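Here is the file data.pdb (PDB, C-alpha atoms).
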ATOM      1  CA  MET B   4       0.000   0.000   0.000
ATOM      2  CA  SER B   5       1.376   3.431  -1.031
ATOM      3  CA  ASP B   6       2.384   5.898   1.702
ATOM      4  CA  ARG B   7       1.736   8.945  -0.547
ATOM      5  CA  PRO B   8      -0.775  11.374   0.974
ATOM      6  CA  ILE B   9      -4.125  11.618  -0.709
ATOM      7  CA  PRO B  10      -4.574  15.126  -2.206
ATOM      8  CA  LEU B  11      -7.462  17.058  -0.772
ATOM      9  CA  GLY B  12      -9.445  20.038  -2.064
ATOM     10  CA  LEU B  13      -9.582  21.326  -5.605
ATOM     11  CA  PRO B  14      -7.549  19.823  -8.473
ATOM     12  CA  PRO B  15      -4.542  21.722  -9.772
ATOM     13  CA  LEU B  16      -5.261  25.151 -11.219
ATOM     14  CA  ALA B  17      -4.383  24.045 -14.732
ATOM     15  CA  ARG B  18      -7.264  21.526 -14.682
ATOM     16  CA  VAL B  19      -9.886  24.011 -13.487
ATOM     17  CA  HIS B  20     -11.829  25.542 -16.378
ATOM     18  CA  LEU B  21     -13.990  28.428 -15.177
ATOM     19  CA  PRO B  22     -16.585  29.598 -17.690
ATOM     20  CA  PRO B  23     -15.986  33.202 -18.786
ATOM     21  CA  LEU B  24     -18.532  35.899 -18.098
ATOM     22  CA  THR B  25     -20.830  36.243 -21.082
ATOM     23  CA  PRO B  26     -23.127  39.085 -22.062
ATOM     24  CA  THR B  27     -26.742  38.805 -21.054
ATOM     25  CA  ILE B  28     -28.961  37.405 -23.817
ATOM     26  CA  VAL B  29     -31.655  39.914 -24.676
ATOM     27  CA  ARG B  30     -35.041  38.627 -25.729
ATOM     28  CA  LYS B  31     -37.159  41.149 -27.579
ATOM     29  CA  ASN B  32     -40.748  41.192 -26.450
ATOM     30  CA  VAL B  33     -43.641  43.589 -26.343
ATOM     31  CA  LEU B  34     -42.722  44.915 -22.880
ATOM     32  CA  GLY B  35     -39.107  45.621 -23.816
ATOM     33  CA  ARG B  36     -40.109  47.281 -27.096
ATOM     34  CA  TRP B  37     -42.704  49.659 -25.637
ATOM     35  CA  LEU B  38     -41.280  50.342 -22.180
ATOM     36  CA  ALA B  39     -39.008  53.208 -23.261
ATOM     37  CA  PRO B  40     -41.539  55.180 -25.359
ATOM     38  CA  VAL B  41     -44.298  54.736 -22.770
ATOM     39  CA  LEU B  42     -42.113  56.101 -19.968
ATOM     40  CA  SER B  43     -40.901  58.906 -22.240
ATOM     41  CA  ALA B  44     -44.512  59.870 -22.968
ATOM     42  CA  ALA B  45     -45.206  59.801 -19.215
ATOM     43  CA  ILE B  46     -42.371  62.324 -18.776
ATOM     44  CA  LEU B  47     -44.055  64.749 -21.161
ATOM     45  CA  ILE B  48     -47.472  64.376 -19.567
ATOM     46  CA  ALA B  49     -46.094  64.854 -16.047
ATOM     47  CA  ALA B  50     -44.050  67.896 -17.071
ATOM     48  CA  LEU B  51     -46.995  69.573 -18.810
ATOM     49  CA  TRP B  52     -49.241  68.877 -15.821
ATOM     50  CA  GLN B  53     -46.799  70.394 -13.328
ATOM     51  CA  LEU B  54     -46.045  73.344 -15.596
ATOM     52  CA  ARG B  55     -49.659  74.534 -15.452
ATOM     53  CA  GLY B  56     -49.121  76.241 -12.061
ATOM     54  CA  ILE B  57     -46.076  78.286 -13.100
ATOM     55  CA  ASP B  58     -46.206  81.781 -14.590
ATOM     56  CA  VAL B  59     -43.736  81.048 -17.381
ATOM     57  CA  ARG B  60     -43.639  84.628 -18.688
ATOM     58  CA  GLU B  61     -42.836  86.096 -15.276
ATOM     59  CA  MET B  62     -40.296  83.371 -14.595
ATOM     60  CA  LEU B  63     -38.462  83.961 -17.884
ATOM     61  CA  ARG B  64     -38.389  87.698 -17.159
ATOM     62  CA  MET B  65     -36.303  86.985 -14.039
ATOM     63  CA  VAL B  66     -33.823  84.681 -15.780
ATOM     64  CA  PRO B  67     -30.370  86.320 -16.021
ATOM     65  CA  ARG B  68     -28.824  86.786 -19.465
ATOM     66  CA  SER B  69     -25.343  86.192 -18.087
ATOM     67  CA  PRO B  70     -23.324  83.424 -19.850
ATOM     68  CA  LEU B  71     -21.952  82.477 -16.415
ATOM     69  CA  PHE B  72     -25.469  81.663 -15.202
ATOM     70  CA  TRP B  73     -26.227  79.396 -18.166
ATOM     71  CA  THR B  74     -22.834  77.701 -17.981
ATOM     72  CA  ILE B  75     -23.331  76.812 -14.310
ATOM     73  CA  PHE B  76     -26.925  75.774 -15.008
ATOM     74  CA  ALA B  77     -25.826  73.400 -17.789
ATOM     75  CA  LEU B  78     -23.004  71.919 -15.704
ATOM     76  CA  GLY B  79     -25.333  71.384 -12.752
ATOM     77  CA  TYR B  80     -27.879  69.687 -14.993
ATOM     78  CA  LEU B  81     -25.427  67.375 -16.750
ATOM     79  CA  VAL B  82     -23.230  66.319 -13.818
ATOM     80  CA  THR B  83     -25.643  63.579 -12.656
ATOM     81  CA  PRO B  84     -26.119  61.758 -15.989
ATOM     82  CA  PHE B  85     -22.420  62.130 -16.803
ATOM     83  CA  SER B  86     -21.339  60.617 -13.475
ATOM     84  CA  GLU B  87     -23.694  57.679 -14.053
ATOM     85  CA  TRP B  88     -22.345  57.252 -17.580
ATOM     86  CA  VAL B  89     -18.834  56.948 -16.092
ATOM     87  CA  ILE B  90     -20.129  54.244 -13.724
ATOM     88  CA  TYR B  91     -21.921  52.159 -16.351
ATOM     89  CA  ARG B  92     -19.238  52.714 -18.971
ATOM     90  CA  ARG B  93     -16.875  50.611 -16.868
ATOM     91  CA  LEU B  94     -19.493  48.059 -15.862
ATOM     92  CA  TRP B  95     -21.125  47.450 -19.275
ATOM     93  CA  GLN B  96     -19.031  49.290 -21.875
ATOM     94  CA  LEU B  97     -21.923  51.731 -22.218
ATOM     95  CA  PRO B  98     -21.821  53.482 -25.621
ATOM     96  CA  PRO B  99     -21.566  57.298 -25.874
ATOM     97  CA  ASN B 100     -25.274  57.620 -26.698
ATOM     98  CA  GLY B 101     -25.972  56.109 -23.300
ATOM     99  CA  ILE B 102     -25.761  59.662 -21.928
ATOM    100  CA  LEU B 103     -29.109  60.342 -23.666
ATOM    101  CA  ALA B 104     -30.706  57.366 -21.935
ATOM    102  CA  LEU B 105     -29.327  58.552 -18.598
ATOM    103  CA  LEU B 106     -30.783  62.004 -19.254
ATOM    104  CA  ARG B 107     -34.186  60.379 -19.767
ATOM    105  CA  LYS B 108     -33.596  58.379 -16.606
ATOM    106  CA  ARG B 109     -32.964  61.548 -14.615
ATOM    107  CA  ILE B 110     -35.980  63.349 -16.086
ATOM    108  CA  SER B 111     -38.234  60.386 -15.296
ATOM    109  CA  ASN B 112     -37.026  60.233 -11.698
ATOM    110  CA  GLU B 113     -37.459  63.983 -11.266
ATOM    111  CA  ILE B 114     -40.945  64.577 -12.658
ATOM    112  CA  VAL B 115     -42.717  61.201 -12.967
ATOM    113  CA  LEU B 116     -41.866  59.024  -9.966
ATOM    114  CA  GLY B 117     -38.779  58.250  -7.942
ATOM    115  CA  TYR B 118     -36.833  55.259  -9.349
ATOM    116  CA  SER B 119     -39.066  55.052 -12.446
ATOM    117  CA  GLY B 120     -35.957  56.119 -14.341
ATOM    118  CA  GLU B 121     -34.138  52.976 -13.215
ATOM    119  CA  LEU B 122     -36.893  50.898 -14.813
ATOM    120  CA  TYR B 123     -36.552  52.812 -18.061
ATOM    121  CA  PHE B 124     -32.744  52.598 -18.077
ATOM    122  CA  TYR B 125     -32.836  48.856 -17.382
ATOM    123  CA  GLY B 126     -35.034  48.323 -20.449
ATOM    124  CA  TRP B 127     -32.812  50.542 -22.596
ATOM    125  CA  ALA B 128     -29.544  48.984 -21.445
ATOM    126  CA  ARG B 129     -30.742  45.437 -22.144
ATOM    127  CA  LYS B 130     -31.005  46.380 -25.823
ATOM    128  CA  HIS B 131     -28.020  48.689 -26.284
ATOM    129  CA  ALA B 132     -25.284  47.783 -23.775
ATOM    130  CA  THR B 133     -23.028  44.786 -23.206
ATOM    131  CA  MET B 134     -24.508  43.689 -19.902
ATOM    132  CA  VAL B 135     -22.249  41.241 -18.081
ATOM    133  CA  GLY B 136     -23.305  39.323 -14.972
ATOM    134  CA  THR B 137     -26.569  40.376 -13.294
ATOM    135  CA  PRO B 138     -27.682  43.680 -14.852
ATOM    136  CA  PHE B 139     -30.546  44.302 -12.439
ATOM    137  CA  GLY B 140     -28.169  43.682  -9.544
ATOM    138  CA  ALA B 141     -25.769  46.315 -10.889
ATOM    139  CA  ILE B 142     -28.523  48.939 -11.198
ATOM    140  CA  LYS B 143     -29.718  48.014  -7.699
ATOM    141  CA  ASP B 144     -26.210  48.391  -6.255
ATOM    142  CA  VAL B 145     -25.697  51.785  -7.909
ATOM    143  CA  ALA B 146     -29.062  53.023  -6.596
ATOM    144  CA  ILE B 147     -28.420  51.736  -3.055
ATOM    145  CA  LEU B 148     -24.956  53.302  -2.916
ATOM    146  CA  SER B 149     -26.371  56.563  -4.246
ATOM    147  CA  ALA B 150     -28.938  56.639  -1.434
ATOM    148  CA  VAL B 151     -26.372  55.772   1.260
ATOM    149  CA  VAL B 152     -23.853  58.371   0.079
ATOM    150  CA  ALA B 153     -26.594  61.008  -0.248
ATOM    151  CA  ASN B 154     -27.782  60.306   3.305
ATOM    152  CA  VAL B 155     -24.272  60.625   4.715
ATOM    153  CA  CYS B 156     -23.598  63.855   2.796
ATOM    154  CA  THR B 157     -26.948  65.304   3.879
ATOM    155  CA  LEU B 158     -26.240  64.576   7.550
ATOM    156  CA  ALA B 159     -22.733  66.070   7.280
ATOM    157  CA  LEU B 160     -24.057  69.218   5.629
ATOM    158  CA  ALA B 161     -26.862  69.483   8.192
ATOM    159  CA  LEU B 162     -24.316  69.437  11.018
ATOM    160  CA  VAL B 163     -22.262  72.179   9.366
ATOM    161  CA  SER B 164     -25.258  74.431   8.673
ATOM    162  CA  TRP B 165     -27.184  73.648  11.883
ATOM    163  CA  PRO B 166     -27.157  77.241  13.255
ATOM    164  CA  THR B 167     -28.578  78.685  10.035
ATOM    165  CA  LEU B 168     -31.181  75.927   9.776
ATOM    166  CA  GLY B 169     -32.348  76.840  13.264
ATOM    167  CA  ALA B 170     -32.744  80.471  12.176
ATOM    168  CA  LEU B 171     -35.153  79.408   9.421
ATOM    169  CA  HIS B 172     -37.796  78.430  12.023
ATOM    170  CA  LEU B 173     -38.957  75.294  10.272
ATOM    171  CA  GLY B 174     -41.514  74.603  12.976
ATOM    172  CA  THR B 175     -39.723  71.543  14.350
ATOM    173  CA  ASP B 176     -37.881  70.965  17.583
ATOM    174  CA  ALA B 177     -34.650  69.119  18.316
ATOM    175  CA  LYS B 178     -36.405  65.780  18.882
ATOM    176  CA  VAL B 179     -38.026  65.840  15.462
ATOM    177  CA  MET B 180     -34.734  66.768  13.797
ATOM    178  CA  THR B 181     -32.972  63.969  15.667
ATOM    179  CA  LEU B 182     -35.590  61.434  14.543
ATOM    180  CA  SER B 183     -35.299  62.670  10.967
ATOM    181  CA  ALA B 184     -31.531  62.255  11.075
ATOM    182  CA  ALA B 185     -31.910  58.754  12.513
ATOM    183  CA  SER B 186     -34.335  57.827   9.723
ATOM    184  CA  MET B 187     -31.528  58.507   7.248
ATOM    185  CA  ALA B 188     -28.627  57.174   9.292
ATOM    186  CA  ILE B 189     -30.133  53.813  10.318
ATOM    187  CA  PRO B 190     -30.867  52.490   6.780
ATOM    188  CA  SER B 191     -27.375  53.518   5.719
ATOM    189  CA  LEU B 192     -25.822  51.663   8.653
ATOM    190  CA  VAL B 193     -27.953  48.590   7.919
ATOM    191  CA  THR B 194     -26.791  48.670   4.302
ATOM    192  CA  LEU B 195     -23.149  48.800   5.368
ATOM    193  CA  VAL B 196     -23.609  45.921   7.813
ATOM    194  CA  LEU B 197     -25.492  43.755   5.295
ATOM    195  CA  ARG B 198     -23.497  44.816   2.253
ATOM    196  CA  LYS B 199     -22.391  41.255   1.458
ATOM    197  CA  THR B 200     -26.035  40.189   1.274
ATOM    198  CA  LEU B 201     -27.562  43.282  -0.353
ATOM    199  CA  LEU B 202     -24.838  44.177  -2.856
ATOM    200  CA  THR B 203     -23.632  42.002  -5.722
ATOM    201  CA  LEU B 204     -20.792  43.917  -7.351
ATOM    202  CA  PRO B 205     -17.136  43.332  -6.318
ATOM    203  CA  ARG B 206     -15.830  45.407  -3.433
ATOM    204  CA  HIS B 207     -13.424  47.457  -5.552
ATOM    205  CA  GLU B 208     -16.273  48.396  -7.909
ATOM    206  CA  LEU B 209     -18.465  49.404  -4.974
ATOM    207  CA  ARG B 210     -15.716  51.669  -3.628
ATOM    208  CA  ARG B 211     -15.243  53.282  -7.030
ATOM    209  CA  ILE B 212     -18.988  53.865  -7.441
ATOM    210  CA  ALA B 213     -19.253  55.334  -3.938
ATOM    211  CA  VAL B 214     -16.437  57.804  -4.687
ATOM    212  CA  ILE B 215     -18.158  58.874  -7.917
ATOM    213  CA  HIS B 216     -21.407  59.432  -5.996
ATOM    214  CA  VAL B 217     -19.605  61.608  -3.431
ATOM    215  CA  VAL B 218     -18.046  63.714  -6.194
ATOM    216  CA  ARG B 219     -21.451  64.029  -7.895
ATOM    217  CA  ILE B 220     -23.264  65.180  -4.751
ATOM    218  CA  VAL B 221     -20.556  67.677  -3.831
ATOM    219  CA  ALA B 222     -20.536  69.026  -7.392
ATOM    220  CA  THR B 223     -24.329  69.366  -7.668
ATOM    221  CA  THR B 224     -24.517  71.071  -4.271
ATOM    222  CA  LEU B 225     -21.767  73.534  -5.168
ATOM    223  CA  PHE B 226     -23.289  74.241  -8.590
ATOM    224  CA  ALA B 227     -26.682  74.918  -6.988
ATOM    225  CA  ALA B 228     -25.204  77.288  -4.408
ATOM    226  CA  VAL B 229     -23.115  79.129  -7.004
ATOM    227  CA  LEU B 230     -26.125  79.397  -9.314
ATOM    228  CA  TRP B 231     -28.183  81.006  -6.541
ATOM    229  CA  ALA B 232     -25.285  83.314  -5.665
ATOM    230  CA  VAL B 233     -24.931  84.473  -9.286
ATOM    231  CA  VAL B 234     -28.590  85.521  -9.318
ATOM    232  CA  MET B 235     -28.528  87.026  -5.822
ATOM    233  CA  PRO B 236     -24.932  87.828  -4.805
ATOM    234  CA  ALA B 237     -25.965  89.976  -1.818
ATOM    235  CA  ALA B 238     -27.246  86.988   0.197
ATOM    236  CA  PRO B 239     -24.746  85.574   2.741
ATOM    237  CA  LEU B 240     -23.018  82.277   2.038
ATOM    238  CA  ALA B 241     -24.525  80.701   5.180
ATOM    239  CA  TRP B 242     -27.998  81.069   3.654
ATOM    240  CA  TRP B 243     -27.010  79.183   0.514
ATOM    241  CA  LEU B 244     -25.398  76.449   2.633
ATOM    242  CA  ALA B 245     -28.607  76.046   4.665
ATOM    243  CA  LEU B 246     -30.738  76.048   1.526
ATOM    244  CA  ALA B 247     -28.454  73.447  -0.074
ATOM    245  CA  THR B 248     -29.040  71.286   3.005
ATOM    246  CA  LEU B 249     -32.804  71.688   2.653
ATOM    247  CA  ARG B 250     -32.537  70.789  -1.019
ATOM    248  CA  LEU B 251     -30.678  67.587  -0.175
ATOM    249  CA  LEU B 252     -33.238  66.756   2.517
ATOM    250  CA  VAL B 253     -36.098  67.162   0.057
ATOM    251  CA  SER B 254     -34.237  65.042  -2.503
ATOM    252  CA  ARG B 255     -34.199  62.164   0.010
ATOM    253  CA  LEU B 256     -38.010  62.039   0.182
ATOM    254  CA  PRO B 257     -39.191  58.911  -1.673
ATOM    255  CA  LEU B 258     -41.916  58.765  -4.350
ATOM    256  CA  LEU B 259     -41.989  62.552  -4.695
ATOM    257  CA  PRO B 260     -41.936  63.988  -8.231
ATOM    258  CA  ASN B 261     -40.412  67.349  -9.135
ATOM    259  CA  LYS B 262     -38.491  67.877  -5.922
ATOM    260  CA  ASP B 263     -37.203  71.320  -6.994
ATOM    261  CA  ILE B 264     -40.754  72.699  -7.068
ATOM    262  CA  VAL B 265     -41.424  71.152  -3.653
ATOM    263  CA  PHE B 266     -38.177  72.648  -2.358
ATOM    264  CA  ALA B 267     -39.152  76.116  -3.624
ATOM    265  CA  GLY B 268     -42.548  75.746  -1.932
ATOM    266  CA  LEU B 269     -40.887  74.770   1.343
ATOM    267  CA  VAL B 270     -38.668  77.838   1.213
ATOM    268  CA  ALA B 271     -41.705  80.023   0.454
ATOM    269  CA  PHE B 272     -43.423  78.561   3.511
ATOM    270  CA  THR B 273     -40.446  79.168   5.803
ATOM    271  CA  VAL B 274     -39.129  82.570   4.693
ATOM    272  CA  GLY B 275     -42.249  84.041   3.076
ATOM    273  CA  ARG B 276     -43.564  84.205  -0.473
ATOM    274  CA  THR B 277     -42.553  87.839  -0.911
ATOM    275  CA  SER B 278     -38.902  87.136  -0.154
ATOM    276  CA  ASP B 279     -36.335  87.702  -2.911
ATOM    277  CA  VAL B 280     -34.778  84.336  -2.028
ATOM    278  CA  THR B 281     -38.111  82.610  -2.633
ATOM    279  CA  ALA B 282     -38.506  84.344  -5.995
ATOM    280  CA  VAL B 283     -35.034  83.258  -7.098
ATOM    281  CA  LEU B 284     -35.515  79.637  -6.053
ATOM    282  CA  THR B 285     -38.953  79.481  -7.668
ATOM    283  CA  MET B 286     -37.514  80.858 -10.900
ATOM    284  CA  ILE B 287     -34.705  78.293 -10.979
ATOM    285  CA  ALA B 288     -37.097  75.450 -10.085
ATOM    286  CA  GLY B 289     -39.362  76.470 -12.961
ATOM    287  CA  LEU B 290     -36.339  76.628 -15.257
ATOM    288  CA  TRP B 291     -35.407  73.064 -14.275
ATOM    289  CA  LEU B 292     -38.955  71.948 -15.092
ATOM    290  CA  ILE B 293     -38.977  73.658 -18.507
ATOM    291  CA  THR B 294     -35.599  72.074 -19.280
ATOM    292  CA  HIS B 295     -37.029  68.658 -18.337
ATOM    293  CA  LEU B 296     -39.985  69.319 -20.632
ATOM    294  CA  LEU B 297     -37.957  70.440 -23.646
ATOM    295  CA  LEU B 298     -35.354  67.688 -23.307
ATOM    296  CA  GLY B 299     -38.076  65.131 -22.692
ATOM    297  CA  ALA B 300     -39.853  66.192 -25.899
ATOM    298  CA  VAL B 301     -36.676  65.960 -27.983
ATOM    299  CA  LEU B 302     -35.582  62.630 -26.505
ATOM    300  CA  THR B 303     -39.062  61.156 -26.888
ATOM    301  CA  ALA B 304     -39.108  62.130 -30.567
ATOM    302  CA  VAL B 305     -35.695  60.503 -31.039
ATOM    303  CA  GLU B 306     -36.931  57.404 -29.199
ATOM    304  CA  LEU B 307     -40.001  57.043 -31.413
ATOM    305  CA  VAL B 308     -38.054  57.591 -34.644
ATOM    306  CA  THR B 309     -35.408  55.076 -33.614
ATOM    307  CA  MET B 310     -38.073  52.537 -32.631
ATOM    308  CA  GLU B 311     -39.786  52.807 -36.018
ATOM    309  CA  ARG B 312     -36.520  52.329 -37.897
ATOM    310  CA  THR B 313     -35.629  49.191 -35.951
ATOM    311  CA  THR B 314     -39.072  47.519 -36.176
TER     312      THR B 314
END
As a first step, turn the structure in this file into structure tokens.
Amino acid sequence: MSDRPIPLGLPPLARVHLPPLTPTIVRKNVLGRWLAPVLSAAILIAALWQLRGIDVREMLRMVPRSPLFWTIFALGYLVTPFSEWVIYRRLWQLPPNGILALLRKRISNEIVLGYSGELYFYGWARKHATMVGTPFGAIKDVAILSAVVANVCTLALALVSWPTLGALHLGTDAKVMTLSAASMAIPSLVTLVLRKTLLTLPRHELRRIAVIHVVRIVATTLFAAVLWAVVMPAAPLAWWLALATLRLLVSRLPLLPNKDIVFAGLVAFTVGRTSDVTAVLTMIAGLWLITHLLLGAVLTAVELVTMERTT
């Protein structure tokens, strides 16, 4: 009988043949074909419905003609879809025209329903991107990390601008503010604890995505504050910091369409409708909505033309 030890565990590495990751097979069906144009049409309907309560002529009269204003406005509008394009470009080799789909995704989330844009983008990406692994899991991970990073940034900004927030007299006491902070902090902590169960992407990809989300939130907050300051340079910086915190807080409310209009209404309620600050924020919120409407119309037309050519 041989005295050689019996090898345990896996066979030698040369004998192990792991199947390579392959792109997801896309099956064309009625749902996949009509999902994008239906959601794009919903964007137009929602934008037109919300636009009915805005005095467009008065709003446009207040819009500055300064190139600096429009440059900052464009950068603030495009930073979110561009940051997401960078994320999905690495994950799925997203083509350059994917930025248009991510614009539609943002518009849908803003004026139709929170996370409806993820549904649209999932349907678009299954037809146009090289989706490796579990595509729905990737979109889920990106959305979860976005929420966690946004919660952490909101809490950090709230701590910095706490004195100015107290001066706004929001009608809440310290207990209510503490409970509100806990409602954002606890889900984020749970996500971090259960990350191995909730998240599917590799750890290095999750870290990279989280960093991109931090850069995006910091950039959008700074662009918003600078945009307000360009229109109303006499207001103190502390006011814009507090208002940026309120804007982030409103953005964390789920299932709420057109958060910029809601944010402008909240400011009107707290500082008064006759305030110059309220007028500026209402003007910019209306400008966001008109931009959503115009871009939504153009992108919907492109979507319908493209669909007809490919059918």
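Picked out by the PyMOL selection byres ((chain B and resi 78) around 12) when it runs on this file: Leu71, Phe72, Trp73, Thr74, Ile75, Phe76, Ala77, Gly79, Tyr80, Leu81, Val82, Thr83, Pro84, Phe85, Ser86, Arg219, Ala222, Thr223, Thr224, Leu225, Phe226, Ala227, Val229 and Leu230 of chain B.
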**Prompt:** Can you list, as a PyMOL selection string, the residues that the PyMOL selection byres ((chain B and resi 146) around 12) selects here?
**Reply:** chain B and resi 87+90+112+117-122+139-145+147-153+194+201-202+209+212-213+216
**Complete:** Students should find that atom CA of B:Ala304 and atom CA of B:Ile102 are spaced 16.1 Å
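Minimum distance to B:Pro138 across B:Thr248, B:Thr303, B:Thr281, B:Thr203 (counting all atoms listed in the file) occurs at B:Thr203.
Taking atom CA of B:Asn154 and atom CA of B:Ser191 as endpoints, the distance between them is 7.2 Å.
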**Message:** Translate the PyMOL selection byres ((chain B and resi 157) around 12) into a concrete residue list for this structure, as a VMD selection string.
**Reply:** chain B and resid 149 to 156 158 to 165 183 to 185 187 to 188 191 217 220 to 221 224 244 to 255
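With atom CA of B:Ala228 on one side and atom CA of B:Leu106 on the other, the separation reads 22.0 Å.
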**Prompt:** So, counting all atoms listed in the file, which residue among B:Val301, B:Tyr123, B:Val234, B:Tyr91 is closest to B:Val280?
**Reply:** B:Val234
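Of the listed residues B:Leu284, B:Leu296, B:Arg93, B:Arg210, the one whose atoms come nearest to B:Met235 is B:Leu284, with distances taken using all atoms listed in the file.
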